[in-house]
$ cat coords_2.txt   # compact mmCIF, C-alpha atoms
# COMPACT_ATOMS: atom_id res chain seq x y z
CA MET A 1 0.00 0.00 0.00
CA GLU A 2 0.97 3.63 -0.49
CA GLU A 3 2.28 5.21 2.69
CA GLU A 4 3.24 8.76 3.51
CA GLY A 5 6.53 9.53 1.79
CA THR A 6 6.17 6.96 -0.98
CA SER A 7 5.30 7.59 -4.62
CA VAL A 8 4.21 4.03 -5.44
CA ARG A 9 0.66 2.71 -5.28
CA VAL A 10 -0.61 -0.80 -6.00
CA ALA A 11 -4.09 -1.69 -7.25
CA LEU A 12 -5.48 -5.20 -7.65
CA ARG A 13 -7.84 -6.04 -10.51
CA VAL A 14 -9.64 -9.39 -10.53
CA ARG A 15 -11.00 -10.42 -13.91
CA PRO A 16 -14.05 -12.67 -14.43
CA LEU A 17 -13.60 -16.38 -15.04
CA ASN A 18 -12.95 -16.97 -18.74
CA SER A 19 -14.52 -19.66 -20.94
CA LYS A 20 -11.53 -22.02 -20.57
CA GLU A 21 -11.73 -21.84 -16.77
CA MET A 22 -15.49 -22.39 -16.85
CA LEU A 23 -15.05 -25.48 -19.03
CA GLU A 24 -12.54 -26.77 -16.47
CA ARG A 25 -15.20 -26.14 -13.80
CA SER A 26 -12.89 -23.83 -11.91
CA LYS A 27 -14.22 -22.01 -8.87
CA GLU A 28 -13.39 -18.52 -7.66
CA CYS A 29 -10.88 -18.51 -4.81
CA ILE A 30 -10.60 -14.73 -4.30
CA LYS A 31 -13.12 -12.74 -2.27
CA ARG A 32 -13.24 -9.01 -1.56
CA VAL A 33 -13.09 -8.03 2.11
CA PRO A 34 -16.20 -5.84 2.65
CA ASN A 35 -15.49 -2.09 2.91
CA GLU A 36 -11.72 -2.63 2.77
CA PRO A 37 -9.14 -2.45 -0.08
CA ALA A 38 -8.25 -6.07 0.65
CA VAL A 39 -8.96 -9.58 -0.63
CA LEU A 40 -9.22 -12.98 0.99
CA LEU A 41 -7.31 -15.69 -0.88
CA GLY A 42 -8.53 -19.17 -0.06
CA ASN A 43 -9.72 -19.47 3.52
CA ASN A 44 -7.22 -17.52 5.57
CA GLN A 45 -4.82 -15.37 3.53
CA VAL A 46 -5.63 -11.65 3.47
CA PHE A 47 -3.79 -9.19 1.21
CA THR A 48 -4.23 -5.40 1.39
CA TYR A 49 -3.70 -2.91 -1.46
CA ASP A 50 -4.34 0.75 -2.17
CA HIS A 51 -7.29 -0.14 -4.42
CA VAL A 52 -9.17 -3.34 -5.21
CA PHE A 53 -11.35 -3.83 -8.30
CA GLU A 54 -13.65 -6.83 -8.50
CA ALA A 55 -14.61 -8.73 -11.65
CA LYS A 56 -17.68 -6.54 -12.17
CA SER A 57 -15.66 -3.28 -12.02
CA PRO A 58 -15.85 -1.47 -15.40
CA GLN A 59 -12.90 0.09 -17.22
CA ASN A 60 -13.89 3.67 -16.35
CA GLU A 61 -13.92 2.87 -12.62
CA VAL A 62 -10.29 1.76 -12.73
CA TYR A 63 -9.36 4.96 -14.57
CA GLU A 64 -11.32 7.42 -12.44
CA ILE A 65 -10.22 6.03 -9.08
CA CYS A 66 -6.51 5.46 -9.51
CA VAL A 67 -5.24 6.78 -12.88
CA LYS A 68 -6.90 10.15 -13.55
CA ASP A 69 -4.98 11.99 -10.81
CA LEU A 70 -1.69 10.94 -12.46
CA VAL A 71 -2.57 13.09 -15.49
CA GLY A 72 -2.62 16.17 -13.23
CA SER A 73 0.78 15.17 -11.82
CA PHE A 74 2.06 14.76 -15.38
CA PHE A 75 1.15 18.39 -16.14
CA THR A 76 2.94 19.68 -13.03
CA GLY A 77 6.20 18.06 -14.15
CA PHE A 78 6.18 14.61 -12.57
CA ASN A 79 7.27 11.57 -14.54
CA THR A 80 4.34 9.19 -14.16
CA THR A 81 4.12 5.46 -14.80
CA VAL A 82 1.33 2.90 -14.94
CA LEU A 83 2.39 -0.76 -14.98
CA ALA A 84 0.14 -3.73 -15.65
CA TYR A 85 1.54 -6.80 -13.87
CA GLY A 86 0.30 -10.38 -13.55
CA GLN A 87 0.32 -13.91 -14.87
CA THR A 88 -0.24 -14.65 -18.54
CA GLY A 89 -3.89 -14.27 -19.58
CA SER A 90 -4.90 -12.18 -16.55
CA GLY A 91 -6.16 -9.14 -18.48
CA LYS A 92 -3.15 -6.80 -18.50
CA THR A 93 -3.38 -5.74 -22.15
CA TYR A 94 -7.17 -5.31 -21.84
CA THR A 95 -6.75 -3.10 -18.76
CA MET A 96 -4.07 -0.96 -20.41
CA GLY A 97 -5.89 -0.74 -23.76
CA SER A 98 -2.69 -1.43 -25.67
CA ASN A 99 -4.09 -4.06 -28.03
CA PRO A 100 -4.22 -3.28 -31.79
CA SER A 101 -8.01 -2.74 -31.64
CA SER A 102 -7.69 0.06 -29.06
CA GLY A 103 -8.93 2.71 -31.47
CA TYR A 104 -12.02 0.79 -32.50
CA VAL A 105 -13.64 -0.48 -29.30
CA ASP A 106 -16.76 0.78 -27.55
CA ASN A 107 -16.18 3.70 -25.14
CA LEU A 108 -17.12 1.51 -22.17
CA GLU A 109 -14.35 -0.92 -23.10
CA LEU A 110 -11.59 1.67 -23.52
CA GLY A 111 -8.51 0.89 -21.46
CA VAL A 112 -6.22 3.17 -19.46
CA ILE A 113 -4.12 4.52 -22.36
CA PRO A 114 -6.95 5.80 -24.63
CA ARG A 115 -8.61 7.43 -21.60
CA VAL A 116 -5.38 9.17 -20.57
CA ILE A 117 -4.89 10.41 -24.15
CA ASP A 118 -8.38 11.98 -24.11
CA GLU A 119 -7.70 13.62 -20.73
CA ILE A 120 -4.33 15.00 -21.84
CA TYR A 121 -5.78 16.73 -24.90
CA SER A 122 -8.66 18.06 -22.84
CA MET A 123 -6.14 19.69 -20.47
CA VAL A 124 -3.99 20.93 -23.38
CA GLU A 125 -7.04 22.73 -24.77
CA LYS A 126 -7.57 24.48 -21.42
CA LYS A 127 -3.93 25.61 -21.20
CA LYS A 128 -3.31 26.64 -24.81
CA SER A 129 -3.90 30.35 -24.07
CA THR A 130 -1.07 30.44 -21.50
CA HIS A 131 1.32 27.69 -22.61
CA THR A 132 2.95 26.29 -25.71
CA ILE A 133 2.72 22.51 -25.38
CA GLU A 134 4.51 19.99 -27.58
CA LEU A 135 3.66 16.29 -27.35
CA LYS A 136 5.67 13.33 -28.64
CA VAL A 137 5.34 9.57 -28.29
CA SER A 138 7.74 6.64 -28.28
CA PHE A 139 6.99 2.92 -28.23
CA LEU A 140 9.44 0.12 -27.53
CA GLU A 141 9.40 -3.53 -26.60
CA LEU A 142 11.90 -5.59 -24.65
CA TYR A 143 11.99 -9.03 -26.23
CA ASN A 144 14.53 -11.59 -24.99
CA GLU A 145 16.58 -8.68 -23.56
CA ASP A 146 16.64 -6.94 -26.97
CA ILE A 147 15.19 -3.41 -27.15
CA ARG A 148 13.15 -2.78 -30.30
CA ASP A 149 11.67 0.51 -31.53
CA MET A 150 8.03 -0.26 -32.39
CA LEU A 151 7.58 3.01 -34.32
CA SER A 152 10.51 2.26 -36.63
CA PRO A 153 9.60 0.82 -40.06
CA ASP A 154 12.37 -1.74 -39.54
CA SER A 155 11.43 -2.66 -35.95
CA GLN A 156 11.53 -6.43 -36.44
CA ASN A 157 14.85 -6.53 -38.31
CA GLY A 158 16.76 -3.66 -36.70
CA ALA A 159 19.55 -4.10 -34.20
CA SER A 160 18.83 -3.98 -30.48
CA LEU A 161 19.01 -0.42 -29.12
CA PRO A 162 21.48 0.35 -26.32
CA ILE A 163 20.82 1.95 -22.92
CA ARG A 164 22.84 5.04 -21.97
CA GLU A 165 23.06 7.47 -19.06
CA ASN A 166 23.68 11.21 -19.45
CA THR A 167 25.74 13.48 -17.20
CA ASN A 168 22.68 14.19 -15.05
CA GLY A 169 22.26 10.49 -14.30
CA GLU A 170 19.14 10.19 -16.49
CA VAL A 171 18.74 6.98 -18.46
CA TYR A 172 17.90 7.25 -22.16
CA ILE A 173 17.89 5.08 -25.29
CA PRO A 174 19.83 6.63 -28.22
CA GLY A 175 18.15 6.09 -31.57
CA LEU A 176 14.64 5.64 -30.13
CA ILE A 177 12.13 7.55 -32.24
CA GLU A 178 10.15 10.28 -30.47
CA GLU A 179 7.32 11.00 -32.90
CA LYS A 180 5.63 14.39 -32.71
CA VAL A 181 1.82 14.20 -32.53
CA ASN A 182 -0.75 16.97 -32.95
CA SER A 183 -3.96 15.26 -31.86
CA GLY A 184 -5.34 12.45 -29.75
CA GLN A 185 -6.13 10.55 -32.94
CA GLU A 186 -2.50 10.71 -34.12
CA MET A 187 -1.34 9.51 -30.70
CA LEU A 188 -3.79 6.62 -30.78
CA GLN A 189 -2.70 5.71 -34.31
CA ALA A 190 0.92 5.49 -33.11
CA LEU A 191 -0.21 3.19 -30.28
CA VAL A 192 -2.10 0.92 -32.68
CA ARG A 193 0.74 0.91 -35.22
CA GLY A 194 3.26 -0.14 -32.60
CA SER A 195 0.95 -2.72 -31.04
CA LEU A 196 0.61 -4.49 -34.40
CA CYS A 197 4.38 -5.08 -34.36
CA ARG A 198 4.46 -6.51 -30.85
CA THR A 199 5.71 -10.07 -30.41
CA THR A 200 2.97 -12.52 -29.39
CA GLY A 201 2.73 -16.30 -29.35
CA ALA A 202 0.55 -19.17 -28.25
CA THR A 203 1.05 -21.09 -25.01
CA LEU A 204 -1.13 -23.63 -23.27
CA MET A 205 -2.43 -20.89 -20.97
CA ASN A 206 -3.00 -18.13 -23.54
CA LEU A 207 -3.37 -18.37 -27.33
CA ASN A 208 -2.33 -14.73 -27.79
CA SER A 209 0.27 -14.37 -25.07
CA SER A 210 2.44 -11.23 -25.16
CA ARG A 211 6.05 -12.43 -25.36
CA SER A 212 7.63 -9.05 -24.65
CA HIS A 213 7.43 -6.11 -22.24
CA ALA A 214 6.01 -3.05 -24.05
CA ILE A 215 6.51 0.58 -23.00
CA PHE A 216 4.42 3.33 -24.64
CA THR A 217 5.60 6.79 -23.55
CA ILE A 218 4.04 10.24 -23.94
CA ILE A 219 6.60 13.05 -23.69
CA MET A 220 5.38 16.59 -22.99
CA GLU A 221 7.24 19.90 -23.10
CA GLN A 222 5.29 22.95 -21.90
CA THR A 223 6.53 26.55 -21.95
CA PRO A 224 4.65 29.62 -20.65
CA ILE A 225 3.70 32.05 -23.41
CA ILE A 226 3.73 35.10 -21.13
CA SER A 227 6.77 35.95 -19.00
CA GLY A 228 6.16 35.13 -15.36
CA VAL A 229 3.33 32.68 -16.07
CA SER A 230 4.35 29.18 -15.18
CA SER A 231 2.63 25.89 -14.58
CA ASN A 232 5.44 25.05 -12.15
CA ASP A 233 4.17 24.04 -8.72
CA GLU A 234 7.15 24.47 -6.37
CA SER A 235 5.63 22.10 -3.81
CA ALA A 236 5.64 19.37 -6.46
CA LYS A 237 9.35 19.96 -7.20
CA PRO A 238 9.06 19.07 -10.89
CA SER A 239 12.06 18.49 -13.10
CA ALA A 240 12.49 21.53 -15.33
CA GLU A 241 15.08 23.28 -17.43
CA SER A 242 15.36 26.90 -18.51
CA GLU A 243 15.71 27.75 -22.18
CA GLY A 244 17.01 31.20 -23.10
CA ASP A 245 15.46 33.81 -20.82
CA ASN A 246 15.19 32.55 -17.24
CA SER A 247 11.59 33.75 -17.15
CA MET A 248 10.71 31.21 -19.80
CA LEU A 249 10.59 27.89 -18.02
CA THR A 250 10.16 24.70 -20.01
CA ILE A 251 8.87 21.69 -18.12
CA ARG A 252 9.56 18.27 -19.65
CA SER A 253 7.78 15.23 -18.26
CA SER A 254 6.91 11.73 -19.42
CA PHE A 255 3.95 9.41 -18.93
CA ASN A 256 4.92 5.75 -19.28
CA PHE A 257 2.50 2.89 -19.87
CA VAL A 258 4.13 -0.47 -19.25
CA ASP A 259 2.30 -3.57 -20.45
CA LEU A 260 4.40 -6.35 -18.99
CA ALA A 261 4.55 -9.83 -20.43
CA GLY A 262 2.79 -12.29 -18.16
CA SER A 263 4.64 -14.26 -15.51
CA GLU A 264 4.40 -17.96 -16.26
CA ARG A 265 5.51 -21.39 -15.12
CA ALA A 266 6.90 -23.73 -17.74
CA LYS A 267 5.11 -26.60 -16.01
CA ARG A 268 1.75 -25.01 -16.79
CA THR A 269 2.46 -23.41 -20.19
CA LYS A 270 4.26 -26.55 -21.47
CA ALA A 271 6.70 -24.16 -23.16
CA GLU A 272 9.65 -25.60 -25.06
CA GLY A 273 12.50 -24.23 -27.18
CA GLN A 274 12.01 -20.54 -28.10
CA ARG A 275 8.87 -20.20 -25.93
CA LEU A 276 10.79 -21.54 -22.92
CA LYS A 277 13.64 -19.07 -23.52
CA GLU A 278 11.10 -16.24 -23.75
CA GLY A 279 9.51 -17.33 -20.49
CA ILE A 280 12.85 -17.39 -18.66
CA ASN A 281 13.70 -13.84 -19.83
CA ILE A 282 10.19 -12.62 -18.97
CA ASN A 283 10.32 -13.99 -15.44
CA SER A 284 13.84 -12.67 -14.87
CA GLY A 285 12.77 -9.11 -15.72
CA LEU A 286 9.61 -9.37 -13.61
CA LEU A 287 11.59 -10.58 -10.60
CA ALA A 288 13.95 -7.61 -10.88
CA LEU A 289 11.00 -5.21 -11.25
CA GLY A 290 9.31 -6.69 -8.18
CA ASN A 291 12.47 -6.10 -6.15
CA VAL A 292 12.65 -2.46 -7.31
CA ILE A 293 8.96 -1.81 -6.55
CA SER A 294 9.40 -3.35 -3.09
CA ALA A 295 12.42 -1.15 -2.37
CA LEU A 296 10.65 2.02 -3.54
CA GLY A 297 7.36 1.28 -1.80
CA ASP A 298 8.85 0.49 1.61
CA VAL A 299 9.56 3.70 3.56
CA LYS A 300 11.86 1.86 5.98
CA ARG A 301 14.16 0.86 3.09
CA LYS A 302 14.25 4.32 1.57
CA ALA A 303 17.94 4.89 2.18
CA LYS A 304 19.03 1.47 0.96
CA HIS A 305 20.15 0.42 -2.52
CA VAL A 306 17.47 0.16 -5.25
CA PRO A 307 18.55 -2.60 -7.70
CA TYR A 308 17.80 -0.84 -11.01
CA ARG A 309 20.75 -2.46 -12.78
CA ASP A 310 19.56 -6.03 -12.25
CA SER A 311 17.72 -6.07 -15.60
CA LYS A 312 17.25 -4.01 -18.76
CA LEU A 313 13.59 -3.55 -17.86
CA THR A 314 14.31 -1.82 -14.54
CA ARG A 315 17.26 0.07 -16.04
CA MET A 316 15.02 1.56 -18.74
CA LEU A 317 12.42 2.55 -16.15
CA GLN A 318 14.89 3.99 -13.64
CA SER A 319 14.11 7.66 -14.40
CA SER A 320 10.37 6.90 -14.35
CA LEU A 321 10.26 4.93 -11.10
CA GLY A 322 12.66 6.82 -8.84
CA GLY A 323 13.20 10.46 -7.96
CA ASN A 324 10.65 12.89 -9.41
CA SER A 325 8.00 10.29 -10.25
CA LYS A 326 4.67 8.76 -9.36
CA THR A 327 3.95 5.12 -10.08
CA LEU A 328 0.83 2.96 -10.14
CA MET A 329 1.11 -0.81 -10.50
CA ILE A 330 -2.10 -2.61 -11.47
CA ALA A 331 -1.79 -6.26 -10.51
CA CYS A 332 -4.15 -8.28 -12.71
CA VAL A 333 -5.20 -11.72 -11.49
CA SER A 334 -7.41 -14.63 -12.42
CA PRO A 335 -9.84 -15.69 -9.65
CA ALA A 336 -9.80 -19.37 -10.68
CA ASP A 337 -8.71 -21.90 -8.08
CA THR A 338 -6.58 -23.56 -10.76
CA ASN A 339 -4.40 -20.43 -10.58
CA PHE A 340 -4.28 -20.37 -6.79
CA GLU A 341 -0.48 -20.69 -6.67
CA GLU A 342 -0.03 -17.81 -9.09

$ encode --input "coords_2.txt" --output "structure tokens"
Amino acid sequence: MEEEGTSVRVALRVRPLNSKEMLERSKECIKRVPNEPAVLLGNNQVFTYDHVFEAKSPQNEVYEICVKDLVGSFFTGFNTTVLAYGQTGSGKTYTMGSNPSSGYVDNLELGVIPRVIDEIYSMVEKKKSTHTIELKVSFLELYNEDIRDMLSPDSQNGASLPIRENTNGEVYIPGLIEEKVNSGQEMLQALVRGSLCRTTGATLMNLNSSRSHAIFTIIMEQTPIISGVSSNDESAKPSAESEGDNSMLTIRSSFNFVDLAGSERAKRTKAEGQRLKEGININSGLLALGNVISALGDVKRKAKHVPYRDSKLTRMLQSSLGGNSKTLMIACVSPADTNFEE
């Protein structure tokens, strides 16, 4: 759970039983604790989170309760991140709205990313009389520890991109395309275009399993039009840099959407060969990310080492998880008793 002094929150989303689980006559083993952000697993294990969403919770409820406020933080200069985490087939891509059909679904079914895009452009419209705002997007996937640019025409055949660190200690990826966008529709088209290039494959647990970690990023630069007018909130301590006249303050911030590949056990997926190798790399990155989230979310460990360098996934997200940032992890789970161990 989020505590005073932490910038990390965790939400739990339980999806309904799917057709495969119903055919297996699976029963639900997760129950919501009444009036508490907690769930009962089995008969005696209770887990508490910042937010809990049951199977009947619609997409807009998830957004309004725990994501919408991050858009406001994004405009005040915070780097914000939403991660979808969970076993394969638990509803991560559906929750994030990062599937190729994102631009064509009913409004009620829209995931987190399309809703954030709408909110961003709504706020841009309100600020256009006082600020010049430029928006860009990037989209990458981490597949078998190779970083691929999903907005590059040669994304599947290009060489893996490197990770670098500048003199300010900020991590960046040289060669990654940051595509300028002028409307919500253009931003959504970039999301769909990149999603079509994402690596997927069939396993015993999921016929369309994501085999890579995908990171869609919105980059915003906002500069006051009139001298002395600034969106900078000193109490928020945003990262900012002056350009030219000191009275003209440009704030650069990023909003990251991380659709993680699902954790999986080879015993259950029956993975072999390439699929097994993918699973090992997926689980390795997820383990490292879990360790970083634990270190950041525990106030008592604040002064201790945060293991960003344990994987490429956590290394890429270092600037977005630590320091001037706010993070929400949505843990997606299946309620079926056949997935009890997961």

$ atom_distance --input "coords_2.txt" --atom1 "atom CA of Leu313 of chain A" --atom2 "atom CA of Leu176 of chain A"
15.4 Å

$ atom_distance --input "coords_2.txt" --atom1 "atom CA of Ala261 of chain A" --atom2 "atom CA of Leu286 of chain A"
8.5 Å

$ atom_distance --input "coords_2.txt" --atom1 "atom CA of Ala55 of chain A" --atom2 "atom CA of Asn283 of chain A"
25.8 Å

$ closest_residue --input "coords_2.txt" --among "A:Gly184, A:Gly86, A:Gly322, A:Gly290" --to "Ile120 of chain A" --atoms "only C-alpha atoms"
A:Gly184

$ residues_around --input "coords_2.txt" --residues "Thr93 of chain A" --least-positions-apart "2" --cutoff "9 Å" --atoms "only C-alpha atoms" --output "VMD selection string"
chain A and resid 84 89 to 91 95 to 99 111 210 259 to 260

$ residues_around --input "coords_2.txt" --residues "Pro34 of chain A" --least-positions-apart "5" --cutoff "12 Å" --atoms "all atoms listed in the file" --output "list in words"
Val39, Leu40, Val52 and Glu54 of chain A

$ residues_around --input "coords_2.txt" --residues "Asn18 of chain A" --least-positions-apart "2" --cutoff "12 Å" --atoms "all atoms listed in the file" --output "VMD selection string"
chain A and resid 14 to 16 20 to 28 55 89 to 91 205 to 206 333 to 336

$ residues_around --input "coords_2.txt" --residues "segment 65-73 of chain A" --least-positions-apart "5" --cutoff "8 Å" --atoms "only C-alpha atoms" --output "ChimeraX atom specification"
/A:11,51,78-80,82,112,116,119-120,326,328

$ residues_around --input "coords_2.txt" --residues "Thr217 of chain A" --least-positions-apart "5" --cutoff "8 Å" --atoms "all atoms listed in the file" --output "list in words"
Val137, Ser138, Phe139, Ser254, Phe255, Asn256 and Phe257 of chain A

$ closest_residue --input "coords_2.txt" --among "A:Pro224, A:Gly323, A:Gly42, A:Gly262" --to "Lys127 of chain A" --atoms "all atoms listed in the file"
A:Pro224

$ closest_residue --input "coords_2.txt" --among "A:Leu142, A:Cys332, A:Met316, A:Met150" --to "Tyr172 of chain A" --atoms "all atoms listed in the file"
A:Met316
